[in-house]
Structure formats: structure tokens, C-alpha cells
Amino acid sequence: MSLDVNEIQTIEHDVLVIGAGGAGLRAAIACSAHKLNTGVLSKSLLGKAHTVMAEGGMAAAMGNVDSRDNWKVHFRDTMRGGKFLNVWRMAELHAKQAPERVRELEEWGAVFDRTKEGLISQRNFGGHRYPRLAHVGDRTGLELIRSLQDHGIHQGIDFHMEVTALEILKDGDRVAGVLAYRRETGRFVIYKCKAIIFATGGGGKAWPVTSNSWEYTGDGIAMAYDAGAELMDLEFTQFHPTGMVWPLSVRGILVTEGVRGDGGILKNNKGERFMFKYISERFAPETAATEEEANRWLAGDKTARRPPELLTRDEVARAITAEVKAGRGSPHGGVFLDIASRVPADVIRRKLPSMYHQFKELAEVDITKEPMEVGPTLHYFMGGIRVDADSQMSTVPGLFACGECGAGMHGANRLGGNSLSDLIVFGKLAGDGANDYIKGLGSPPKANNEQIATAVRRATEILNREKGTNPYILHEQLMETMSKGVGIVRVKEELETAVTELEKLKVDAQTMKAPGASQYNPGWHEALSMRSLLITSEAVTRSALMREESRGAHTRLDHPGESAEWVKYNVIVKKAADGNMEVEKRPKPEGHAALVAIANAKIEDLESGKVGADYQ
Amino acid sequence: MAKRLFKVWRGNAEGGEFKEFEVQVDPGMVVLDVLHRIQTHDANDLALRWNCKAGKCGSCSMEINGKPRLACMTRMNSFSDTETITCQPMKTFPVIKDLVCDVSFNYEQNKRIPKFKPKPRDADGQYRMYQEDVDRVQEFRKCIECYLCQNVCHVLRDRDGREQQTFIGPRFMIRVASLEMHPLDTDDRIPELKKEYGSGMCNITRCCTEVCPEHIGITDNGIIPLKERVVDRFYDPVAIIGRKLLGRKVRTKTRAEEEGKK
């Protein structure tokens with residue numbers, strides 16, 4: 001049957017942003033400020049993207065609460081948290097620009113919690129030396145997305161809600177548009193554009209225990225891969241140490257790090273505050289050695305060091321896993337997070353209102369009276385689409401990426417609070433980058449009808465088949481594979497088994513069947529997203545197999561400890577000419593000497609100006 | 001736990017009916033979990049919206065046993081052991097399919113409200129606001145846009161598809177309140193509130209407040225103070241005479257009226 005591509009609705013923009021979370025909205029606002037005709041696609045309704053679930057805050061070295069803070073300390077924290085695998089320039093840009101991006105949100109209507117002096121208040125978080133997270137109680141993500149949304153709708157941006165992108169359309173090497181479909185009607189739409197900005201998030205939905213929503217199916221990562229873009233660092237999947245573990249139906253839902261930032265402590269079933277046993281060498285000089293010292297820090301003693309509960313997420317998640325494995329876990333396979341015995345009930349309700357609400361309503365636990373049960377949950381992809389640090393352009397001309405789907409900023413492990421700031425810093429830079437690209441573009445790109453027809457046919461086959469694999473069941477099998485083989489601790493044999501199983505799932509995915517019509521059909525949507533999930537999962541698994549060391553969020557039982565050799569390399573994934581996935585160990589570009597010195601400096605030397613003073 | 005009987009509305013704009021599903025329910029489940037189980041095993045194409053599963057995004061609004069609720073925050077053990085659970089789409093908005101409604105009306109209302117217009121920053125580049133001055137605004141900003149308040153608003157429910165819609169509804173009264181009471185905002189929205197947003201149409205039945213999953217005091221903290229501001233501006237004789245004596249001018253015309261005059 002021939003398909004007339006000319007009958008498909010076509011919409012034109014200068015730039016098309018895919019994803020309407022914090023990064024996508026910020027990128028779109030930047031594009032519209034450059035007077036570009038800007039469109040935004042979102043799988044959900046506007047304002048519902050995953051950013052809305054971010055709780056703790058956004059990191060920006062404004063120094064409102066502790067004046068010792070500045071961009072260099074933030075940069076150093078970020079590099080150390082990322083185990084020195086971050087792209088130096090990105091960590092630098094982020095630390096420098098985050099304060100201005102946060103103040104700009106205030107100009108657009110965001111109402112952050114205040115200090116006594118009336119400035120934006122900042123809270124403590126894991127891996128951040130000083131209180132640095134601008135926040136609104138524990139619903140900072142909502143404040144971010146709503147501020148951008150309410151500002152963005154007046155900037156002449158076209159929002160295309162409940163539209164899912166399927167494939168990047170290309171004109172030779174460069175992008176020419178996107179094929180997408182409307183979820184409501186099931187109809188296809190061709191978006192023609194000169195540049196595309198991906199702000200599509202990660203792929204947490206490949207795991208059964210995750211804080212991610214249904215949208216997190218790695219669409220951007222997979223589409224970029226298909227279009228020939230390089231992916232990077234995908235072995236680094238962050239397991240947030242504190243997800244809910246009970247009841248089963250809410251397993252994985254996030255419990256903000258703010259609980260620990262505001263004084264919460266972790267205990268095992270013996271009542272022991274176990275984190276003191278897990279302080280690594282790198283952080284020992286800056287971490288409290290005793291409970292007494294940690295308590296003094298909480299009380300505001302500036303000479304005391306930070307409690308070990310505020311170590312970076314990879315370290316805390318591994319410690320919890322070790323406690324549970326040793327039989328010291330809570331009844332439902334987690335550990336206890338206790339703030340009730342540490343902070344007065346009214347303070348908990350004021351500072352952590354949505355945590356209070358969430359536990360009360362979903363688990364029937366009153367967190368002002370009893371401890372929470374928590375355990376690791378797949379939370380975030382450090383890796384993603386490889387981009388230029390300044391412009392955010394991928395290796396495909398005209399394709400940009402920002403936010404979680406971009407790689408490099410966070411290295412091997414992201415610090416809490418560095419995500420929301422990442423969204424607004426790199427969202428804006430991606431918009432600026434797209435503008436520069438479009439200004440320098442010669443002839444406008446043209447989409448190829450053959451490519452469109454093939455993609456449409458592949459999508460509609462799922463509906464037209466007589467019978468076939470249930471996409472939901474296939475998804476469950478994928479989650480089982482990833483959970484067994486590519487979890488928080490990894491080993492060669494299990495990763496290899498996962499690769500084999502993924503190959504089989506890829507074959508099964510060829511014959512998926514979604515019953516019903518194309519109008520608002522979640523079964524069909526699920527089937528279409530399986531393609532993205534499978535590509536993303538394979539990239540994570542193959543990257544994890546290649547990196548033979550344990551660094552940050554990637555732990556190999558058969559290769560314990562960080563290797564001096566591997567810090568010099570990134571793992572790059574790319575589609576080979578034969579269509580297979582190519583994985584490459586590629587030397588990591590070196591950083592500016594001054595940045596390297598700052599990241600490696602002793603904190604005293606940095607703050608006294610002995611190191612890095614003349615680098616601005 | 002036992003099997004439970006669910007009645008789920010299935011259909012589209014042209015019509016539909018309740019379909020029965022018998023589903024295994026495990027401890028701790030919420031209604032959304034059960035609907036997902038139905039979707040996985042019995043009805044792959046069952047349309048519903050959801051995202052966060054933790055009451056933070058406001059996507060899974062529907063009517064459960066006749067009450068407007070978030071499916072993700074409605075625990076199965078809040079019903080008696082043998083009770084049949086009925087799920088249907090929100091009543092005020094047109095149905096698209098199954099449990100999904102066309103809520104674009106709400107996005108249109110938001111566009112009618114001019115954006116935040118802050119005063120300039122202090123000389124050091126900072127804004128200063130005190131916590132006690134922003135508490136009230138922060139309450140309004142907790143709104144997750146689930147539109148349950150819009151769904152139960154009598155004014156919106158009775159509009160019967162009339163083209164000329166004035167009242168923006170409780171969600172957007174709260175949005176206006178969050179701007180009006182924002183310490184930095186310099187815009188004046190009172191004439192628009194009265195003449196364009198239909199503040200007088202709300203007759204304070206508090207249905208919106210009752211269904212708010214964020215427990216925002218929509219009526220008492222938002223709508224009533226806004227109504228009072230309208231009264232002060234347009235109807236309070238003492239205030240009007242006082243302004244005349246002092247020679248103070250306030251806006252009583254909307255922007256549209258001002259521009260029309262030009």
C-alpha cells in the first residue's frame with residue numbers, strides 16, 4: 001500500500017524543542033528571545049513534565065546563607081561529586097551561570113523561600129560544601145516549571161501538547177525536522193525546522209524501581225542515536241539512595257535529599273547510624289568523624305564538618321545496599337530514614353510539607369513521629385547525547401541537547417540540586433546555540449518523503465497486525481532484565497546475560513501488537529516507546545560492560561575501585577554503518593589547567609586564594 | 001487481598017458506557033495502580049493520564065465513586081471491602097476518550113492573565129522579600145493544576161458550551177491572587193478581575209476548596225480577598241470619596257477599554 005506523505009499535516013518552525021520540562025521551557029524562552037519561530041512538543045500536558053517532581057532545590061553559589069560560597073567551590077564540589085569525569089567546561093559554565101539563571105526565575109515570578117534578610121534562602125544538600133540550594137519547601141520543581149510555563153506562554157511560543165516525537169528527519173547530515181504523532185487522535189504530524197533542541201530526559205523506565213514517570217523512555221537518546229549522534233557516559237545511571245520501599249505500589253517514589261539536608265539520619269535495624277562506616281578516603285577530610293561533630297554541624301557550628309548522610313548519592317546508595325545485603329535492613333528491604341527524632345514536628349511539616357503529605361497518604365506513615373523506610377531507586381542518567389560544552393550541539397548538525405538527555409555536566413555522579421540548575425543554565429545555552437546555528441545556516445534543509453513514509457509504516461504496523469506481543473508484558477520483561485543485570489552493582493557475566501536478553505527482546509519487539517484504534521491508545525504509545533527504551537537500555541548495558549572500573553554511579557564488583565587509567569576515557573556509543581551499536585573507549589579531553597588545579601585543590605588553599613585566585 | 005470489582009467508563013465524545021473489570025488488588029494499592037493493572041492485562045487501550053504517581057503533577061484527575069479525586073492519591077483501603085469502585089472522567093470538560101478529558105479550556109484561561117510584572121531589583125541586583133510576606137503567595141503556588149476545582153465549579157459547569165465565557169474559574173482566581181498579592185508585582189489587575197475574569201460570578205459555595213488535593217484555601221484566602229479588592233475599587237463609597245478628596249486616581253477601566261477609547 002502506498003502512503004501519500006503530502007496528506008500528513010505539516011507545521012513549520014525555525015526551531016523545535018522536544019520536551020517541556022525545565023530545560024525545554026528555558027530553551028524555548030531563549031529561542032523566542034532571539035525572535036525565532038519556536039515550537040515545543042510535549043508528551044504530556046504543559047506543566048506535567050518530570051521537573052515537577054523535583055523536590056530539594058537548585059544549586060547556585062549565591063552565598064546568601066554562607067558567604068564563603070562562590071562558583072569555584074561549587075565547581076570543585078561538582079567535579080569531586082562527578083569523580084572527575086565531568087566535562088570541565090560544562091561544570092565551569094554551570095557553576096558560573098547558575099546564580100544569574102536563578103535570579104532570572106525570580107524576575108519571572110518564582111517565589112523562593114527567604115532568608116531573614118529577605119534574600120533567596122539556600123539549603124544544605126549532599127556533596128555541596130555550603131548551603132547552596134535555592135528552594136521552595138520540598139516542591140522546588142513545581143515552582144521552576146510553573147514559573148517558566150507562566151512566563152513562556154506570553155513569549156509567542158507555540159506549544160504542541162500531547163505530541164510524541166518518533167524520528168528525526170534529515171537532509172544529508174543535518175536535521176530537517178521531526179516526525180511525530182498526536183496522542184489524542186493518533187494522527188501523524190511532520191514538523192519542519194532548521195534546528196532541534198532535545199530536552200527529553202533520561203530512560204529510567206527501563207528499571208522496575210524508579211522515581212521516573214512513564215515519560216522517561218529515553219526517546220531523545222534513541223532518536224539522536226538513530227540519527228547518527230554520539231552518546232556518552234551512559235554507564236552512569238544514578239540510583240538515588242532514598243526512594244520509598246513500601247507499599248509495593250509506590251516503590252521507587254522519591255524521598256528528597258532535603259530530609260537529610262535538614263537533619264534526617266540513616267539507621268539500620270539495629271538502630272545504628274551506619275553511614276560513619278562508609279566514609280571514603282576522598283571525602284574523609286571534609287566529613288564529620290563522630291555523631292557529636294555531625295550534630296554540632298547541624299546546630300550551625302561552622303568549624304564542624306558535614307554529616308556522612310550528606311555524602312554524594314552514589315556513596316550513600318552503595319552503603320544502603322551493603323547494609324541490606326548484610327541483613328541489617330528494614331522489614332521491607334530498605335533502611336530507616338529518621339527525621340522525627342531530630343527535628344520538631346512543626347518544622348518538619350513546614351520544611352518538608354510534600355514529604356509529610358506523601359508518606360501520610362501513600363504509606364500511612366507520620367514522618368513527624370516515625371522513621372521512613374527507604375532504599376535506592378533509579379533516578380537519573382548522567383550520560384546521554386554528547387554535546388559541545390558551549391553550544392550544546394550534538395555531533396549531528398542542528399541537533400542540540402540539554403538537561404538530562406545531554407551528557408557531560410555531571411560526570412560519573414550528579415550532585416543533588418545540580419539538575420534543576422543544569423536545566424536552566426544549559427537550556428538557555430542550547431537556545432543560544434540553536435540561534436547561532438540557524439543564523440549561519442545556508443539553504444534551508446528539506447525533509448525526505450521516503451524517510452517519513454518508512455517511519456509511518458513502522459509505527460502503524462503495530463496497530464495493523466492481527467496478533468503479536470503485548471507491549472506492556474514486553475516492558476515488564478525489559479525491566480526484569482535491567483534490574484537483574486544492570487543494577488546498582490554490576491559484574492561482567494550478568495551484563496553479558498543482559499546483552500543477550502536484550503537481543504531477544506529486540507526480536508520480540510518486531511512483532512508487538514496494540515489492540516484498538518490509534519485514538520488516545522496507551523497500548524500503542526507503550527509499543528512505540530519500547531523502541532526508545534530498548535536502544536537506551538542496550539547503550540547503557542554495553543557501556544557498563546566496557547568500563548572496567550568502579551566510579552561514581554557505576555560499580556563493577558569484578559573491577560572494584562577507581563582506576564587511574566579509566567578517568568582519562570569516556571565511553572562513546574554510536575550507530576555503526578551496518579546498523580549495529582558501536583562502543584568506543586575514547587580519550588577524554590583535558591581541562592584548562594586552572595580548572596584542574598581548582599578541582600584538585602585543598603579547600604583551605606582554594607579559599608585562601610593560594611590556588612585559582614587569578615582565574616575568573 | 002481479594003479480587004475487586006471496578007466499573008470504568010469507556011467511550012469517546014460520541015458516547016460510551018461503564019465496563020466491568022474484576023481485578024486482583026494487593027495491599028497498599030491506589031486506584032491508579034488498579035487501572036494500570038487493567039490496562040496491562042485486560043484493556044491495553046484504556047486511556048488515562050498520569051505522570052508522577054505521588055500527587056505532585058495533577059494529571060490523573062477523575063471522578064471516583066462520584067467524587068473528584070486524584071487516582072494516584074486514592075488508596076484502595078479507603079473503600080469498604082466489598083465496595084465496587086466506579087471511575088469516570090471529569091464531568092465539566094469534554095471527553096476525549098475513556099478517562100481522558102479535553103482540558104484545553106484551562107490553558108486558554110491562563111493566557112488571559114497578563115504575566116508577572118516585577119519592580120526593578122535593588123541596587124545590588126537582589127530582590128528582597130520577607131518570608132511572612134510570601135507565605136500567602138506560596139500557598140497559592142502549591143497548585144498542581146489538577147483542575148478538580150474547575151471541574152466542580154458551578155459557574156463553569158453550567159456554562160453549557162456558551163461561546164462567551166467570562167469566569168476564569170477558581171484555579172485562575174488563585175493565579176490572579178498569587179500575582180495580586182506578590183510583593184514584587186506592579187501590575188494592576190482589579191478592573192480586569194471584575195469586568196473580564198468574572199469575579200462577581202463566584203457565589204462562594206466553596207466546592208472548589210473542598211476538592212483541592214493541595215488543601216489551598218481557594219475561597220477564603222484567594223477569591224474572597226480578591227472580591228474585596230474589587231468592592232474597594234468599584235463600590236465602597238467611603239473609599240471612592242476618600243480618593244476624590246485626596247485627588248488620587250485609580251484604574252477602573254480595563255486595558256481593552258482604555259485602548260478602545262484611544
# chains A, B, ... in the order shown; residues from 1 in each chain; ligands from 1
>>> residues_around(residues="segment 219-224 of chain B", least_positions_apart="2", cutoff="6 Å", atoms="only C-alpha atoms", output="count of residues only")
6
>>> residues_around(residues="segment 57-61 of chain B", least_positions_apart="6", cutoff="6 Å", atoms="only C-alpha atoms", output="MDAnalysis selection string")
(chainID A and resid 48) or (chainID B and resid 49:50 69:71 144:146)
>>> atom_distance(atom1="atom CA of Ala599 of chain A", atom2="atom CA of Pro587 of chain A")
19.6 Å
>>> residues_around(residues="Thr38 of chain A", least_positions_apart="4", cutoff="7 Å", atoms="only C-alpha atoms", output="PDB file with N, CA and C atoms, in the first residue's frame")
ATOM      1  N   HIS A  13       8.530  25.463  11.904  1.00  0.00           N
ATOM      2  CA  HIS A  13       9.133  26.346  12.903  1.00  0.00           C
ATOM      3  C   HIS A  13      10.593  26.563  12.522  1.00  0.00           C
ATOM      4  N   ASP A  14      11.191  27.631  13.082  1.00  0.00           N
ATOM      5  CA  ASP A  14      12.641  27.754  12.937  1.00  0.00           C
ATOM      6  C   ASP A  14      13.315  26.691  13.790  1.00  0.00           C
ATOM      7  N   VAL A  15      12.855  26.638  15.023  1.00  0.00           N
ATOM      8  CA  VAL A  15      13.449  25.684  15.951  1.00  0.00           C
ATOM      9  C   VAL A  15      12.342  24.935  16.668  1.00  0.00           C
ATOM     10  N   LEU A  16      12.569  23.637  16.840  1.00  0.00           N
ATOM     11  CA  LEU A  16      11.595  22.790  17.516  1.00  0.00           C
ATOM     12  C   LEU A  16      12.247  22.247  18.784  1.00  0.00           C
ATOM     13  N   ALA A  28      13.231  27.109  25.022  1.00  0.00           N
ATOM     14  CA  ALA A  28      12.230  27.758  24.163  1.00  0.00           C
ATOM     15  C   ALA A  28      12.179  29.256  24.441  1.00  0.00           C
ATOM     16  N   CYS A  31      15.055  30.814  22.740  1.00  0.00           N
ATOM     17  CA  CYS A  31      14.848  30.898  21.282  1.00  0.00           C
ATOM     18  C   CYS A  31      13.905  32.041  20.936  1.00  0.00           C
ATOM     19  N   SER A  32      12.817  32.169  21.685  1.00  0.00           N
ATOM     20  CA  SER A  32      11.861  33.232  21.367  1.00  0.00           C
ATOM     21  C   SER A  32      12.488  34.601  21.619  1.00  0.00           C
ATOM     22  N   ILE A 157       5.532  31.527  21.936  1.00  0.00           N
ATOM     23  CA  ILE A 157       5.969  30.154  21.639  1.00  0.00           C
ATOM     24  C   ILE A 157       4.725  29.305  21.333  1.00  0.00           C
ATOM     25  N   ASP A 158       4.824  28.423  20.348  1.00  0.00           N
ATOM     26  CA  ASP A 158       3.707  27.507  20.070  1.00  0.00           C
ATOM     27  C   ASP A 158       3.905  26.207  20.839  1.00  0.00           C
TER      28      ASP A 158
END
>>> atom_distance(atom1="atom CA of Met62 of chain A", atom2="atom CA of Ile153 of chain A")
28.4 Å
>>> closest_atom_pairs(of="chain B", to="chain A", cutoff="7 Å", atoms="only C-alpha atoms", output="CSV")
residue,atom,partner,partner_atom,distance
B:Gly28,CA,A:Pro247,CA,5.0
B:Met29,CA,A:Ser249,CA,5.6
B:Asp33,CA,A:Ser249,CA,6.8
B:Thr40,CA,A:Tyr472,CA,5.6
B:Asn44,CA,A:Gly523,CA,4.7
B:Asp45,CA,A:Asn521,CA,4.6
B:Leu46,CA,A:Pro522,CA,6.6
B:Ala47,CA,A:Pro522,CA,6.0
B:Asn51,CA,A:Ser213,CA,5.2
B:Cys52,CA,A:Ser213,CA,5.5
B:Ala54,CA,A:Gln358,CA,6.6
B:Lys56,CA,A:Met53,CA,6.3
B:Cys57,CA,A:Lys48,CA,5.4
B:Met73,CA,A:Glu361,CA,6.7
B:Lys97,CA,A:Tyr520,CA,6.7
B:Lys111,CA,A:Ile153,CA,6.7
B:Lys115,CA,A:His151,CA,6.3
B:Phe116,CA,A:Gly109,CA,5.8
B:Pro118,CA,A:Glu107,CA,6.4
B:Tyr127,CA,A:Leu119,CA,6.7
B:Arg128,CA,A:Gly118,CA,4.6
B:Met129,CA,A:Gly118,CA,4.6
B:Tyr130,CA,A:Gly118,CA,4.6
B:Gln131,CA,A:Arg114,CA,5.3
B:Gln138,CA,A:Val111,CA,6.8
>>> select_by_dssp(residues="segment 271-513 of chain A", states="helix (DSSP H, G or I)", output="ChimeraX atom specification")
/A:274-278,284-286,291-298,308-310,313-325,345-351,353-362,403-405,418-439,449-464,471-485,492-509
>>> residues_around(residues="segment 554-559 of chain A", least_positions_apart="4", cutoff="6 Å", atoms="only C-alpha atoms", output="list of chain:residue names")
A:Phe236, A:Val489, A:Arg490, A:Val491, A:Glu548, A:Glu549, A:Ser550
>>> residues_around(residues="segment 447-449 of chain A", least_positions_apart="3", cutoff="8 Å", atoms="only C-alpha atoms", output="mmCIF file with N, CA and C atoms, in the first residue's frame")
data_model
loop_
_atom_site.group_PDB
_atom_site.id
_atom_site.type_symbol
_atom_site.label_atom_id
_atom_site.label_comp_id
_atom_site.auth_asym_id
_atom_site.auth_seq_id
_atom_site.Cartn_x
_atom_site.Cartn_y
_atom_site.Cartn_z
ATOM 1 N N VAL A 5 2.596 10.993 1.609
ATOM 2 C CA VAL A 5 3.171 11.826 2.663
ATOM 3 C C VAL A 5 2.589 13.239 2.633
ATOM 4 N N LEU A 169 14.064 13.869 11.199
ATOM 5 C CA LEU A 169 14.151 13.865 9.739
ATOM 6 C C LEU A 169 15.422 14.594 9.331
ATOM 7 N N LYS A 170 16.112 14.044 8.366
ATOM 8 C CA LYS A 170 17.397 14.624 7.998
ATOM 9 C C LYS A 170 17.469 15.011 6.531
ATOM 10 N N ASP A 171 18.319 15.997 6.294
ATOM 11 C CA ASP A 171 18.655 16.398 4.932
ATOM 12 C C ASP A 171 20.163 16.233 4.849
ATOM 13 N N ALA A 176 16.334 18.246 9.547
ATOM 14 C CA ALA A 176 15.364 18.964 8.738
ATOM 15 C C ALA A 176 13.993 18.989 9.411
ATOM 16 N N GLY A 177 13.840 18.243 10.468
ATOM 17 C CA GLY A 177 12.539 18.218 11.142
ATOM 18 C C GLY A 177 12.352 16.969 11.963
ATOM 19 N N LYS A 192 8.614 20.658 10.318
ATOM 20 C CA LYS A 192 9.818 21.035 9.577
ATOM 21 C C LYS A 192 10.516 22.147 10.340
ATOM 22 N N ILE A 452 10.067 9.613 5.821
ATOM 23 C CA ILE A 452 8.805 9.789 6.542
ATOM 24 C C ILE A 452 7.901 8.577 6.344
ATOM 25 N N ALA A 453 7.772 8.161 5.092
ATOM 26 C CA ALA A 453 6.880 7.045 4.788
ATOM 27 C C ALA A 453 7.303 5.776 5.519
#
>>> atom_distance(atom1="atom CA of Leu179 of chain A", atom2="atom CA of Ala455 of chain A")
8.0 Å
>>> residues_around(residues="Val499 of chain A", least_positions_apart="2", cutoff="12 Å", atoms="only C-alpha atoms", output="MDAnalysis selection string")
chainID A and resid 478 481:482 484:486 492:497 501:506 534:535 537:545 581
>>> closest_residue(among="A:Lys83, A:Arg187, A:Arg531, A:Lys360", to="Trp566 of chain A", atoms="only C-alpha atoms")
A:Lys83
>>> residues_around(residues="Phe21 of chain B", least_positions_apart="4", cutoff="7 Å", atoms="only C-alpha atoms", output="short mmCIF file (atom, residue, chain, number, x, y, z; two decimals) with C-alpha atoms, in the first residue's frame")
data_model
loop_
_atom_site.label_atom_id
_atom_site.label_comp_id
_atom_site.auth_asym_id
_atom_site.auth_seq_id
_atom_site.Cartn_x
_atom_site.Cartn_y
_atom_site.Cartn_z
CA LEU B 5 -14.94 -5.11 41.03
CA PHE B 6 -14.18 -1.99 39.01
CA LYS B 7 -16.58 -0.15 36.74
#
>>> select_by_dssp(residues="segment 66-158 of chain B", states="strand (DSSP E or B)", output="ChimeraX atom specification")
/B:67-70,75,85-88,95-97,100-101,118
>>> write_last_selection(atoms="C-alpha atoms", output="compact mmCIF listing (two decimals), in the first residue's frame")
# COMPACT_ATOMS: atom_id res chain seq x y z
CA LYS B 67 -16.08 12.21 43.89
CA PRO B 68 -13.48 14.30 42.04
CA ARG B 69 -10.14 12.82 43.08
CA LEU B 70 -6.56 12.17 42.02
CA ARG B 75 -5.97 4.38 48.43
CA ILE B 85 -15.17 1.21 42.51
CA THR B 86 -16.52 3.39 39.72
CA CYS B 87 -14.14 5.52 37.65
CA GLN B 88 -15.30 8.09 35.13
CA VAL B 95 -14.41 13.70 26.94
CA ILE B 96 -11.69 12.69 24.50
CA LYS B 97 -11.56 9.01 25.32
CA VAL B 100 -9.22 11.49 29.41
CA CYS B 101 -10.84 14.92 29.01
CA PRO B 118 8.14 42.95 38.80
>>> closest_residue(among="A:Pro371, A:Gly186, A:Pro208, A:Gly220", to="Leu399 of chain A", atoms="only C-alpha atoms")
A:Gly220
>>> closest_residue(among="A:Val567, A:Ala498, A:Met530, A:Ala98", to="Met512 of chain A", atoms="only C-alpha atoms")
A:Met530
>>> closest_residue(among="B:Leu179, B:Leu99, B:Ser199, B:Ala13", to="Leu32 of chain B", atoms="only C-alpha atoms")
B:Leu99
